[in-house]
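Colleague: My structure is in input-v6.cif, and what it holds is mmCIF, C-alpha atoms:
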```cif
data_data
loop_
_atom_site.label_atom_id
_atom_site.label_comp_id
_atom_site.auth_asym_id
_atom_site.auth_seq_id
_atom_site.Cartn_x
_atom_site.Cartn_y
_atom_site.Cartn_z
CA MET A 1 0.00 0.00 0.00
CA LYS A 2 1.40 3.38 -0.95
CA LYS A 3 1.25 5.77 1.95
CA PRO A 4 0.21 9.36 1.18
CA ILE A 5 2.62 12.17 2.05
CA LYS A 6 1.95 13.28 5.63
CA VAL A 7 2.26 16.98 6.46
CA LEU A 8 2.04 18.74 9.80
CA ILE A 9 0.76 22.31 9.59
CA ALA A 10 1.49 24.25 12.74
CA LYS A 11 0.82 27.73 14.07
CA PRO A 12 3.57 28.59 16.52
CA GLY A 13 3.52 31.44 18.97
CA LEU A 14 0.98 34.06 19.78
CA ASP A 15 -0.23 34.86 16.30
CA GLY A 16 -3.91 33.99 16.03
CA HIS A 17 -4.46 34.22 12.31
CA ASP A 18 -4.90 30.75 10.88
CA ARG A 19 -6.95 31.31 7.78
CA GLY A 20 -3.88 30.85 5.61
CA ALA A 21 -2.89 27.68 7.44
CA LYS A 22 -6.39 26.29 6.94
CA VAL A 23 -6.46 27.20 3.24
CA VAL A 24 -3.14 25.43 2.72
CA ALA A 25 -4.29 22.44 4.82
CA ASN A 26 -7.36 22.04 2.61
CA ALA A 27 -5.37 22.46 -0.60
CA LEU A 28 -2.87 19.79 0.41
CA ARG A 29 -5.69 17.46 1.41
CA ASP A 30 -7.24 18.01 -2.01
CA ALA A 31 -3.85 17.20 -3.52
CA GLY A 32 -4.08 13.77 -1.89
CA MET A 33 -1.94 14.37 1.20
CA GLU A 34 -2.70 13.55 4.81
CA VAL A 35 -2.60 16.81 6.71
CA ILE A 36 -2.48 17.26 10.45
CA TYR A 37 -3.39 20.70 11.66
CA THR A 38 -2.30 21.47 15.22
CA GLY A 39 -4.43 24.49 15.96
CA LEU A 40 -3.21 27.82 17.32
CA HIS A 41 -0.61 28.85 19.88
CA GLN A 42 1.80 25.94 19.69
CA THR A 43 5.21 26.07 21.28
CA PRO A 44 8.14 24.77 19.20
CA GLU A 45 8.36 21.86 21.66
CA MET A 46 4.72 20.90 21.06
CA ILE A 47 5.17 21.12 17.30
CA VAL A 48 8.21 18.88 17.28
CA GLU A 49 6.55 16.43 19.68
CA ALA A 50 3.58 16.23 17.30
CA ALA A 51 5.88 15.77 14.29
CA LEU A 52 7.64 12.95 16.11
CA GLN A 53 4.50 11.14 17.25
CA GLU A 54 2.81 11.47 13.87
CA ASP A 55 5.99 10.62 11.90
CA VAL A 56 5.23 13.26 9.30
CA ASP A 57 7.28 13.76 6.15
CA VAL A 58 7.02 17.55 6.20
CA VAL A 59 6.60 20.17 8.94
CA SER A 60 5.12 23.44 7.75
CA LEU A 61 4.98 26.53 9.95
CA SER A 62 2.59 29.38 9.34
CA ILE A 63 3.89 32.59 10.92
CA LEU A 64 2.39 36.04 10.53
CA SER A 65 3.64 37.52 13.76
CA GLY A 66 7.12 38.60 12.68
CA ALA A 67 8.78 36.10 15.02
CA HIS A 68 9.90 33.84 12.16
CA MET A 69 13.64 34.42 12.71
CA THR A 70 13.25 32.98 16.22
CA LEU A 71 10.66 30.28 15.63
CA PHE A 72 12.02 28.59 12.48
CA PRO A 73 15.55 28.07 13.85
CA ARG A 74 14.18 26.88 17.18
CA VAL A 75 11.89 24.31 15.54
CA LYS A 76 14.72 23.19 13.24
CA GLN A 77 17.06 22.80 16.21
CA LEU A 78 14.52 20.75 18.19
CA MET A 79 13.79 18.60 15.12
CA ASP A 80 17.47 17.80 14.72
CA GLN A 81 17.80 17.00 18.43
CA SER A 82 14.81 14.67 18.28
CA GLY A 83 16.17 12.65 15.38
CA LEU A 84 13.93 14.35 12.85
CA GLY A 85 16.79 15.71 10.76
CA ASP A 86 15.41 13.85 7.76
CA VAL A 87 12.00 15.60 7.95
CA TYR A 88 11.56 18.64 5.70
CA LEU A 89 10.79 21.99 7.31
CA ILE A 90 8.95 24.55 5.18
CA GLY A 91 6.75 27.51 5.96
CA GLY A 92 4.77 30.50 4.94
CA GLY A 93 3.44 33.83 6.11
CA ILE A 94 4.54 37.43 6.16
CA ILE A 95 8.26 36.86 5.76
CA PRO A 96 10.52 39.39 3.97
CA GLU A 97 12.61 38.11 1.07
CA LYS A 98 15.86 38.82 2.94
CA ASP A 99 14.75 36.76 5.95
CA ALA A 100 13.47 33.95 3.75
CA LYS A 101 16.89 33.72 2.10
CA GLN A 102 18.62 33.55 5.44
CA LEU A 103 16.19 30.93 6.77
CA LYS A 104 16.92 28.77 3.77
CA THR A 105 20.60 28.76 4.64
CA MET A 106 19.58 27.54 8.12
CA GLY A 107 17.89 24.39 6.88
CA VAL A 108 14.41 25.65 6.03
CA LYS A 109 13.61 24.03 2.68
CA GLU A 110 11.25 26.68 1.28
CA ILE A 111 9.23 29.74 2.31
CA PHE A 112 5.97 30.62 0.59
CA GLY A 113 4.81 34.22 0.73
CA PRO A 114 1.33 35.74 0.49
CA GLY A 115 -0.38 35.19 -2.85
CA THR A 116 1.33 31.87 -3.55
CA ASP A 117 -0.86 29.57 -5.61
CA THR A 118 -1.73 26.62 -3.36
CA THR A 119 -1.14 24.17 -6.19
CA ALA A 120 2.45 25.41 -6.34
CA ILE A 121 2.87 24.43 -2.68
CA ALA A 122 1.43 20.96 -3.30
CA GLU A 123 3.69 20.53 -6.34
CA PHE A 124 6.73 21.65 -4.40
CA ILE A 125 6.02 19.12 -1.63
CA ARG A 126 5.37 16.35 -4.11
CA GLY A 127 8.64 17.22 -5.81
CA LEU A 128 10.51 16.57 -2.56
CA PHE A 129 9.49 12.91 -2.74
CA ALA A 130 9.61 12.36 -6.49
CA MET B 1 14.28 -1.59 7.51
CA HIS B 2 12.38 -2.15 10.73
CA GLU B 3 15.20 -4.06 12.42
CA GLN B 4 17.11 -0.85 13.14
CA TYR B 5 14.18 0.38 15.24
CA MET B 6 13.26 -2.74 17.23
CA GLU B 7 15.86 -2.47 19.96
CA ARG B 8 15.28 1.26 20.41
CA PHE B 9 11.55 0.59 20.46
CA PHE B 10 11.80 -1.93 23.27
CA SER B 11 14.02 0.43 25.25
CA GLY B 12 11.34 3.12 25.04
CA ASP B 13 12.40 5.43 22.21
CA PRO B 14 9.25 7.24 20.96
CA LEU B 15 10.80 8.04 17.57
CA ALA B 16 11.37 4.33 16.99
CA ALA B 17 7.74 3.66 17.97
CA SER B 18 6.57 6.35 15.57
CA ARG B 19 8.68 5.05 12.68
CA LEU B 20 7.51 1.48 13.31
CA MET B 21 3.91 2.68 13.20
CA SER B 22 4.56 4.14 9.75
CA ILE B 23 6.00 0.82 8.60
CA VAL B 24 2.87 -0.90 9.94
CA GLU B 25 0.72 1.67 8.11
CA ARG B 26 2.48 0.88 4.85
CA GLY B 27 1.49 -2.74 5.39
CA ALA B 28 2.96 -5.53 3.26
CA GLU B 29 5.56 -7.98 4.53
CA GLU B 30 7.60 -5.34 6.32
CA GLY B 31 4.59 -4.16 8.29
CA GLU B 32 3.67 -7.69 9.24
CA ALA B 33 7.23 -8.41 10.30
CA VAL B 34 6.87 -5.57 12.84
CA LEU B 35 3.57 -6.97 14.10
CA ASP B 36 5.12 -10.43 14.42
CA ALA B 37 8.03 -9.03 16.39
CA ILE B 38 5.94 -7.03 18.86
CA PHE B 39 3.17 -9.57 19.36
CA PRO B 40 4.67 -11.16 22.52
CA LYS B 41 4.47 -7.71 24.17
CA VAL B 42 0.91 -6.92 23.07
CA GLY B 43 -2.01 -7.33 25.43
CA ARG B 44 -1.08 -5.41 28.54
CA ALA B 45 -2.94 -2.18 27.78
CA TYR B 46 -6.54 -1.49 28.71
CA ARG B 47 -8.26 -0.43 25.48
CA ILE B 48 -11.10 2.03 25.36
CA GLY B 49 -13.07 2.64 22.17
CA VAL B 50 -14.66 6.05 21.68
CA THR B 51 -17.38 6.34 19.11
CA GLY B 52 -20.36 8.59 18.51
CA LEU B 53 -21.77 11.42 16.49
CA THR B 54 -19.48 13.71 14.53
CA GLY B 55 -18.92 16.83 16.58
CA ALA B 56 -20.21 15.23 19.78
CA GLY B 57 -16.86 15.84 21.44
CA LYS B 58 -14.95 12.57 21.18
CA SER B 59 -11.55 14.24 20.84
CA SER B 60 -12.25 16.70 23.65
CA LEU B 61 -13.28 13.87 25.94
CA ILE B 62 -10.16 11.87 25.11
CA ASN B 63 -8.13 15.00 25.82
CA LYS B 64 -9.52 15.25 29.37
CA LEU B 65 -9.61 11.51 29.98
CA SER B 66 -6.02 10.91 28.92
CA CYS B 67 -4.80 13.69 31.23
CA SER B 68 -6.85 12.20 34.04
CA TYR B 69 -5.41 8.70 33.48
CA ARG B 70 -1.92 10.11 33.24
CA ARG B 71 -2.08 11.01 36.94
CA GLU B 72 -2.25 7.28 37.67
CA VAL B 73 -0.26 5.66 34.88
CA GLU B 74 2.96 6.21 32.99
CA ARG B 75 1.82 5.98 29.41
CA VAL B 76 -1.39 6.71 27.58
CA GLY B 77 -1.84 6.06 23.86
CA VAL B 78 -4.38 7.58 21.49
CA VAL B 79 -5.19 6.43 17.97
CA ALA B 80 -7.54 8.95 16.34
CA VAL B 81 -9.11 8.22 12.98
CA ASP B 82 -10.38 10.86 10.55
CA PRO B 83 -11.94 10.21 7.16
CA THR B 84 -10.00 9.98 3.94
CA SER B 85 -11.54 11.99 1.13
CA PRO B 86 -12.96 9.56 -1.40
CA PHE B 87 -12.21 12.15 -4.08
CA SER B 88 -8.58 13.05 -3.57
CA GLY B 89 -7.36 10.27 -1.28
CA GLY B 90 -6.12 12.99 1.07
CA ALA B 91 -7.27 13.64 4.61
CA LEU B 92 -7.44 16.46 7.11
CA LEU B 93 -6.58 15.05 10.51
CA GLY B 94 -7.84 17.50 13.06
CA ASP B 95 -8.25 15.52 16.25
CA ARG B 96 -5.06 16.92 17.75
CA ILE B 97 -6.59 20.42 17.79
CA ARG B 98 -9.00 19.34 20.53
CA MET B 99 -6.33 17.58 22.54
CA SER B 100 -4.67 20.73 23.81
CA ASP B 101 -4.14 19.55 27.40
CA ALA B 102 -2.73 16.20 26.36
CA ARG B 103 -0.43 17.61 23.70
CA GLY B 104 2.30 18.96 25.89
CA ASP B 105 2.74 15.66 27.76
CA ALA B 106 5.29 13.24 26.27
CA GLY B 107 3.62 10.45 28.30
CA ILE B 108 0.60 10.75 26.02
CA PHE B 109 1.30 9.40 22.54
CA ILE B 110 -1.26 10.67 20.03
CA ARG B 111 -1.30 9.19 16.56
CA SER B 112 -3.69 10.46 13.88
CA VAL B 113 -4.57 8.17 11.05
CA ALA B 114 -6.76 8.44 7.96
CA SER B 115 -9.49 5.90 7.32
CA ARG B 116 -8.15 5.13 3.82
CA GLY B 117 -11.24 3.44 2.50
CA SER B 118 -11.84 1.21 5.50
CA GLU B 119 -15.50 0.62 6.24
CA THR B 120 -15.19 -0.21 9.90
CA GLY B 121 -15.10 3.32 11.27
CA LEU B 122 -11.50 2.66 12.11
CA SER B 123 -8.63 2.84 9.70
CA ALA B 124 -7.59 -0.39 8.10
CA CYS B 125 -4.65 -0.32 10.49
CA ALA B 126 -5.94 1.46 13.62
CA ASN B 127 -5.94 -1.74 15.66
CA GLU B 128 -2.42 -2.52 14.54
CA LEU B 129 -1.24 0.97 15.53
CA ALA B 130 -2.84 0.40 18.92
CA ASP B 131 -0.85 -2.85 19.12
CA VAL B 132 2.37 -0.93 18.61
CA LEU B 133 1.42 1.53 21.37
CA ASP B 134 0.46 -1.43 23.55
CA ALA B 135 3.82 -3.14 23.04
CA PHE B 136 5.48 0.22 23.66
CA GLY B 137 4.15 0.07 27.20
CA SER B 138 0.94 2.09 27.11
CA ASP B 139 -1.23 1.37 30.13
CA VAL B 140 -4.39 2.78 28.58
CA ILE B 141 -5.15 3.19 24.88
CA PHE B 142 -8.00 5.18 23.36
CA LEU B 143 -9.26 4.27 19.91
CA GLU B 144 -11.31 7.07 18.42
CA THR B 145 -13.53 6.23 15.45
CA ILE B 146 -14.39 8.59 12.59
CA GLY B 147 -17.86 9.43 13.72
CA VAL B 148 -21.06 7.53 13.63
CA GLY B 149 -22.21 4.95 11.19
CA GLN B 150 -23.73 1.54 11.03
CA LEU B 151 -20.26 0.07 10.82
CA GLU B 152 -18.78 1.76 13.85
CA TYR B 153 -19.94 -1.13 15.96
CA LYS B 154 -16.88 -3.10 14.91
CA VAL B 155 -14.77 -1.10 17.32
CA ARG B 156 -16.18 -3.17 20.16
CA PHE B 157 -14.30 -6.22 18.88
CA SER B 158 -10.99 -4.62 19.61
CA VAL B 159 -11.51 -2.82 22.90
CA HIS B 160 -12.37 -3.61 26.52
CA THR B 161 -14.76 -0.74 27.12
CA THR B 162 -16.76 1.05 24.45
CA LEU B 163 -17.80 4.66 25.08
CA VAL B 164 -20.61 6.06 22.98
CA VAL B 165 -20.64 9.86 22.90
CA LEU B 166 -23.95 11.63 22.33
CA VAL B 167 -25.22 15.19 22.75
CA PRO B 168 -28.59 16.40 24.03
CA GLU B 169 -29.64 17.45 20.53
CA ALA B 170 -29.29 13.81 19.47
CA GLY B 171 -32.69 13.13 20.95
CA ASP B 172 -34.46 12.78 17.65
CA ASP B 173 -31.78 10.48 16.39
CA ILE B 174 -32.32 7.87 19.06
CA GLN B 175 -34.56 5.92 16.75
CA SER B 176 -31.92 5.70 14.09
CA LEU B 177 -29.20 4.98 16.59
CA LYS B 178 -30.84 2.24 18.52
CA SER B 179 -30.15 -0.48 15.99
CA GLY B 180 -26.42 0.05 15.98
CA LEU B 181 -24.75 2.33 18.48
CA MET B 182 -27.16 1.82 21.35
CA GLU B 183 -26.21 -1.83 21.50
CA ILE B 184 -22.45 -1.43 21.64
CA GLY B 185 -22.00 1.13 24.42
CA ASP B 186 -20.74 0.02 27.82
CA VAL B 187 -20.85 3.63 28.93
CA PHE B 188 -22.98 6.29 27.27
CA ILE B 189 -21.80 9.86 27.51
CA VAL B 190 -24.14 12.79 27.14
CA ASN B 191 -21.59 15.45 26.31
CA LYS B 192 -22.39 19.19 26.26
CA ALA B 193 -24.85 18.30 29.02
CA ASP B 194 -25.02 21.96 30.07
CA ARG B 195 -27.07 22.68 26.97
CA ALA B 196 -30.83 22.82 27.08
CA HIS B 197 -32.49 19.57 28.12
CA GLY B 198 -29.15 17.89 28.89
CA ASP B 199 -30.42 16.29 32.12
CA ARG B 200 -33.67 15.23 30.58
CA TYR B 201 -31.86 13.56 27.71
CA ALA B 202 -29.60 11.64 30.11
CA ASP B 203 -32.70 10.46 32.01
CA ASP B 204 -34.44 9.39 28.80
CA LEU B 205 -31.37 7.50 27.77
CA ARG B 206 -31.20 5.72 31.14
CA SER B 207 -34.81 4.66 31.05
CA MET B 208 -34.45 3.47 27.48
CA LEU B 209 -31.41 1.39 28.37
CA GLU B 210 -33.29 -0.09 31.31
CA LEU B 211 -35.81 -1.57 28.91
CA ARG B 212 -33.12 -3.69 27.42
CA ARG B 213 -31.86 -6.92 28.87
CA PRO B 214 -28.30 -6.28 30.02
CA ALA B 215 -25.80 -7.94 27.68
CA GLN B 216 -23.74 -10.49 29.62
CA GLY B 217 -24.96 -9.02 32.87
CA TRP B 218 -23.72 -5.46 32.33
CA ARG B 219 -26.20 -2.61 32.41
CA PRO B 220 -24.69 0.34 30.49
CA LEU B 221 -24.05 3.49 32.51
CA VAL B 222 -24.99 6.99 31.43
CA VAL B 223 -22.66 9.86 32.34
CA PRO B 224 -23.38 13.53 31.55
CA THR B 225 -20.22 15.52 30.77
CA VAL B 226 -19.09 18.94 29.64
CA ALA B 227 -15.78 17.92 28.09
CA VAL B 228 -14.32 21.32 27.27
CA LYS B 229 -14.72 22.43 30.89
CA GLY B 230 -13.76 19.04 32.35
CA GLY B 231 -17.24 18.55 33.83
CA GLY B 232 -18.19 14.96 34.64
CA ILE B 233 -14.73 13.59 33.88
CA PRO B 234 -14.14 12.04 37.35
CA GLU B 235 -17.57 10.39 37.11
CA LEU B 236 -16.69 9.09 33.65
CA VAL B 237 -13.36 7.69 34.84
CA ASP B 238 -15.29 6.02 37.67
CA ALA B 239 -17.82 4.53 35.23
CA ILE B 240 -15.05 3.12 33.03
CA GLY B 241 -13.43 1.71 36.17
CA ARG B 242 -16.68 0.02 37.15
CA HIS B 243 -16.96 -1.63 33.75
CA LYS B 244 -13.35 -2.74 33.99
CA SER B 245 -13.91 -4.34 37.41
CA PHE B 246 -17.03 -5.99 36.06
CA LEU B 247 -15.01 -7.55 33.24
CA GLU B 248 -12.30 -8.63 35.67
CA ARG B 249 -14.81 -10.30 37.99
CA ASN B 250 -16.50 -12.20 35.18
CA GLY B 251 -13.58 -13.37 33.10
CA GLY B 252 -14.54 -10.72 30.56
CA ILE B 253 -10.97 -9.58 29.95
CA GLU B 254 -9.92 -13.04 28.77
CA GLN B 255 -13.17 -13.40 26.82
CA LYS B 256 -12.48 -10.09 25.02
CA ARG B 257 -8.95 -11.24 24.27
CA ILE B 258 -10.23 -14.44 22.70
CA GLU B 259 -12.83 -12.57 20.64
CA ALA B 260 -10.35 -9.92 19.51
CA LEU B 261 -7.76 -12.47 18.44
CA ARG B 262 -10.27 -14.65 16.60
CA ASN B 263 -11.68 -11.59 14.90
CA ARG B 264 -8.22 -10.38 13.95
CA ILE B 265 -7.20 -13.68 12.38
CA ALA B 266 -10.42 -13.77 10.37
CA MET B 267 -10.06 -10.18 9.21
CA VAL B 268 -6.44 -10.54 8.16
CA ALA B 269 -7.09 -13.86 6.43
CA GLU B 270 -10.04 -12.40 4.53
CA GLU B 271 -7.91 -9.48 3.36
CA LYS B 272 -5.22 -11.87 2.16
CA LEU B 273 -7.79 -13.97 0.37
CA LYS B 274 -9.11 -10.88 -1.38
CA ASP B 275 -5.61 -9.91 -2.49
CA LEU B 276 -4.93 -13.42 -3.74
CA PHE B 277 -8.21 -13.43 -5.62
CA TRP B 278 -7.79 -10.11 -7.40
CA ASN B 279 -4.13 -10.66 -8.16
CA ASP B 280 -4.76 -14.09 -9.67
CA ARG B 281 -4.22 -14.09 -13.42
CA ARG B 282 -6.97 -16.68 -13.93
CA ILE B 283 -9.48 -14.36 -12.28
CA ALA B 284 -8.48 -11.43 -14.45
CA GLN B 285 -8.79 -13.55 -17.57
CA ALA B 286 -12.13 -15.03 -16.56
CA LEU B 287 -13.49 -11.59 -15.73
CA ASP B 288 -12.40 -10.22 -19.08
CA ALA B 289 -14.21 -13.08 -20.79
CA LEU B 290 -17.33 -12.91 -18.63
CA PHE B 291 -17.95 -9.23 -18.47
CA PRO B 292 -19.12 -8.65 -22.06
CA GLU B 293 -21.69 -11.40 -21.55
CA VAL B 294 -23.04 -9.60 -18.49
CA LEU B 295 -23.06 -6.33 -20.38
CA ASN B 296 -25.11 -7.74 -23.26
CA GLY B 297 -27.50 -9.48 -20.90
CA ALA B 298 -26.49 -13.06 -21.63
CA LYS B 299 -25.44 -13.67 -18.03
CA SER B 300 -26.48 -12.15 -14.72
CA PRO B 301 -23.84 -10.67 -12.37
CA TYR B 302 -24.51 -13.62 -10.05
CA GLN B 303 -23.81 -16.18 -12.74
CA ALA B 304 -20.64 -14.31 -13.60
CA ALA B 305 -19.55 -14.21 -9.94
CA ARG B 306 -20.14 -17.96 -9.58
CA GLU B 307 -18.07 -18.66 -12.66
CA LEU B 308 -15.39 -16.27 -11.49
CA VAL B 309 -14.99 -18.15 -8.21
CA ALA B 310 -15.15 -21.46 -10.06
CA ALA B 311 -12.30 -20.27 -12.30
CA LEU B 312 -9.95 -20.64 -9.32
CA SER B 313 -10.46 -24.40 -9.04
CA ILE B 314 -10.67 -25.04 -12.78
CA GLY B 315 -7.33 -23.38 -13.26
CA LYS B 316 -5.83 -25.48 -10.51
CA GLN B 317 -7.00 -28.76 -12.08
CA GLY B 318 -5.62 -27.69 -15.40
CA GLY B 319 -2.21 -27.32 -13.85
#
```
Please lay out the structure from this file as structure tokens.

Modeller:
Amino acid sequence: MKKPIKVLIAKPGLDGHDRGAKVVANALRDAGMEVIYTGLHQTPEMIVEAALQEDVDVVSLSILSGAHMTLFPRVKQLMDQSGLGDVYLIGGGIIPEKDAKQLKTMGVKEIFGPGTDTTAIAEFIRGLFA
Amino acid sequence: MHEQYMERFFSGDPLAASRLMSIVERGAEEGEAVLDAIFPKVGRAYRIGVTGLTGAGKSSLINKLSCSYRREVERVGVVAVDPTSPFSGGALLGDRIRMSDARGDAGIFIRSVASRGSETGLSACANELADVLDAFGSDVIFLETIGVGQLEYKVRFSVHTTLVVLVPEAGDDIQSLKSGLMEIGDVFIVNKADRAHGDRYADDLRSMLELRRPAQGWRPLVVPTVAVKGGGIPELVDAIGRHKSFLERNGGIEQKRIEALRNRIAMVAEEKLKDLFWNDRRIAQALDALFPEVLNGAKSPYQAARELVAALSIGKQGG
């Protein structure tokens, strides 16, 4: 049996806007993936614990609070410490180009900004496992 | 592939447990090799099935219950099933959202799984995932079904205590429920009992259950709860405990074990038979030959099915 790609979509921190996260969750579901949405206000520890228990293939953070330069590296660090170095970390939200570039040098696979076509996100994820 | 995880699994590494569960989910020989290897350690956990109406609060109840059990025991496992979309094959697994109290606790292992076309209200592999959590040392395991349906009753074959979650507004649905769900509950939960007519509904439920002859001597209990506020949770834990002691007094635990194992062998064997059947070249050939005759009305589907099954033995005789 072929197992669908499993994606964790998480909202870290205090930012309470999860419409984007939900839109992406639905789009990935429609693209045939199994999507776990954590809900709001997750700590990096909770996100990594969920990724570990669910054995997801991809962790995706949605951050609109401006705290991305803290949260992405922290989640990446915890993932590596937990043996999840082989799980892809991606994300989206209000993240300036300059920051996105820097995050990518720190092990974040891709950052999707506002206005991204959701099919492009699904295609990107599928491409990781092609 | 699984060998690298076995030792770490038995020494309590949650990542190894998680990776083994994925191997089990993928099925095939590798998945079965894992199930073979863990089987000697399976059977220690007390399993609780949670079924009921969509939106009745199953996940919220499991959230509170697992935290409550965690005060007494070291490890709690949760297998939560959500439906796979029949259109895309994808799934949105949202049970974790409601499990906010349980989420921060590493002693509570929550695994979400998609139903993937299974008709039992559980995923094709939910019981097997529970086995992995069992062998991992979980003291209590919750199995949450998709929602409600005529087929959800199968959960009772794989658990010790079945909880059926209802809400006061379900009153009108009692008629439709009584054939299926009302017969499988060991404990009935009226969640959101603080809504209008919550008490009255619980009373109605009790008097309806009293009309029925208790199955194997157990009269189902009714517990009103307000899961999001934690209301009624101690009473619910007590009710589950009473059912557990009842089973222990009457040899019910062993009886459940026998039933579950028999049921499992039958289910797995049937699946294998199905695979054999549809992967058999003789069947494919016979179907190709028969189908046009059904299409043009020369044979009925029943005739065709009989000949299809017969093709298995004919082929064998022919060599």

Colleague: Using the chain letters and residue numbers of this document, give as a ChimeraX atom specification the residues selected by the PyMOL selection byres ((chain A and resi 79) around 12).

Modeller: /A:44-52,55-56,58-59,72-78,80-89,107-108 /B:15

Colleague: Figure out the distance between CA of Lys229 (chain B) and CA of Gly52 (chain B), please, to one decimal in Å.

Modeller: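 Interatomic distance here is 19.4 Å.
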
Colleague: Which residues of chain A come within 8 Å of chain B, and for each one, what is the closest pair of atoms and their distance in Å to one decimal, counting only C-alpha atoms, sorted by chain and residue number, as JSON lines?

Modeller:
```
{"residue": "A:Met1", "atom": "CA", "partner": "B:Arg26", "partner_atom": "CA", "distance": 5.5}
{"residue": "A:Lys2", "atom": "CA", "partner": "B:Arg26", "partner_atom": "CA", "distance": 6.4}
{"residue": "A:Lys3", "atom": "CA", "partner": "B:Arg26", "partner_atom": "CA", "distance": 5.8}
{"residue": "A:Pro4", "atom": "CA", "partner": "B:Gly90", "partner_atom": "CA", "distance": 7.3}
{"residue": "A:Ala25", "atom": "CA", "partner": "B:Leu92", "partner_atom": "CA", "distance": 7.1}
{"residue": "A:Asn26", "atom": "CA", "partner": "B:Leu92", "partner_atom": "CA", "distance": 7.2}
{"residue": "A:Leu28", "atom": "CA", "partner": "B:Gly90", "partner_atom": "CA", "distance": 7.6}
{"residue": "A:Arg29", "atom": "CA", "partner": "B:Gly90", "partner_atom": "CA", "distance": 4.5}
{"residue": "A:Asp30", "atom": "CA", "partner": "B:Ser88", "partner_atom": "CA", "distance": 5.4}
{"residue": "A:Ala31", "atom": "CA", "partner": "B:Ser88", "partner_atom": "CA", "distance": 6.3}
{"residue": "A:Gly32", "atom": "CA", "partner": "B:Gly90", "partner_atom": "CA", "distance": 3.7}
{"residue": "A:Met33", "atom": "CA", "partner": "B:Gly90", "partner_atom": "CA", "distance": 4.4}
{"residue": "A:Glu34", "atom": "CA", "partner": "B:Ala91", "partner_atom": "CA", "distance": 4.6}
{"residue": "A:Val35", "atom": "CA", "partner": "B:Leu92", "partner_atom": "CA", "distance": 4.9}
{"residue": "A:Ile36", "atom": "CA", "partner": "B:Leu93", "partner_atom": "CA", "distance": 4.7}
{"residue": "A:Tyr37", "atom": "CA", "partner": "B:Gly94", "partner_atom": "CA", "distance": 5.7}
{"residue": "A:Thr38", "atom": "CA", "partner": "B:Ile97", "partner_atom": "CA", "distance": 5.1}
{"residue": "A:Gly39", "atom": "CA", "partner": "B:Ile97", "partner_atom": "CA", "distance": 5.0}
{"residue": "A:Glu45", "atom": "CA", "partner": "B:Gly104", "partner_atom": "CA", "distance": 7.9}
{"residue": "A:Met46", "atom": "CA", "partner": "B:Gly104", "partner_atom": "CA", "distance": 5.7}
{"residue": "A:Glu49", "atom": "CA", "partner": "B:Ala106", "partner_atom": "CA", "distance": 7.4}
{"residue": "A:Ala50", "atom": "CA", "partner": "B:Arg103", "partner_atom": "CA", "distance": 7.7}
{"residue": "A:Leu52", "atom": "CA", "partner": "B:Leu15", "partner_atom": "CA", "distance": 6.0}
{"residue": "A:Gln53", "atom": "CA", "partner": "B:Ser18", "partner_atom": "CA", "distance": 5.5}
{"residue": "A:Glu54", "atom": "CA", "partner": "B:Arg111", "partner_atom": "CA", "distance": 5.4}
{"residue": "A:Asp55", "atom": "CA", "partner": "B:Ser18", "partner_atom": "CA", "distance": 5.7}
{"residue": "A:Ser82", "atom": "CA", "partner": "B:Leu15", "partner_atom": "CA", "distance": 7.8}
{"residue": "A:Gly83", "atom": "CA", "partner": "B:Leu15", "partner_atom": "CA", "distance": 7.4}
```

Colleague: What is the distance between CA of Lys244 (chain B) and CA of Ser158 (chain B), in Å to one decimal?

Modeller: 14.7 Å

Colleague: Could you list the residues chosen by the PyMOL selection byres ((chain B and resi 188-199) around 10) in this structure as a PyMOL selection string?

Modeller: chain B and resi 50-52+56-58+60-61+162-171+181-182+184-187+200-206+209+220-229+231-232+236+239

Colleague: Residues picked by the PyMOL selection byres ((chain B and resi 277-288) around 7) here, as a list of chain:residue names?

Modeller: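 Answer for the PyMOL selection byres ((chain B and resi 277-288) around 7): B:Leu273, B:Lys274, B:Asp275, B:Leu276, B:Ala289, B:Leu290, B:Phe291, B:Leu308, B:Ala311, B:Leu312, B:Gly315.
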
Colleague: Rounded to one decimal, what separation in Å do you get between CA of Phe157 (chain B) and CA of Asp101 (chain B)?

Modeller: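 Taking CA of Phe157 (chain B) and CA of Asp101 (chain B), their separation equals 29.0 Å.
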
Colleague: Which is closer to Asp117 (chain A) than all the others in A:Ala130, A:Leu61, A:Ala27, A:Ala100, using all atoms listed in the file?

Modeller: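 Between A:Ala130, A:Leu61, A:Ala27, A:Ala100, the residue approaching Asp117 (chain A) most closely is A:Ala27.
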
Colleague: Point out the residue among A:Leu103, A:Leu40, A:Ile90, A:Leu71 with the least atom-to-atom distance to Asp18 (chain A), counting all atoms listed in the file.

Modeller: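 Among the listed residues, A:Leu40 lies closest to Asp18 (chain A).
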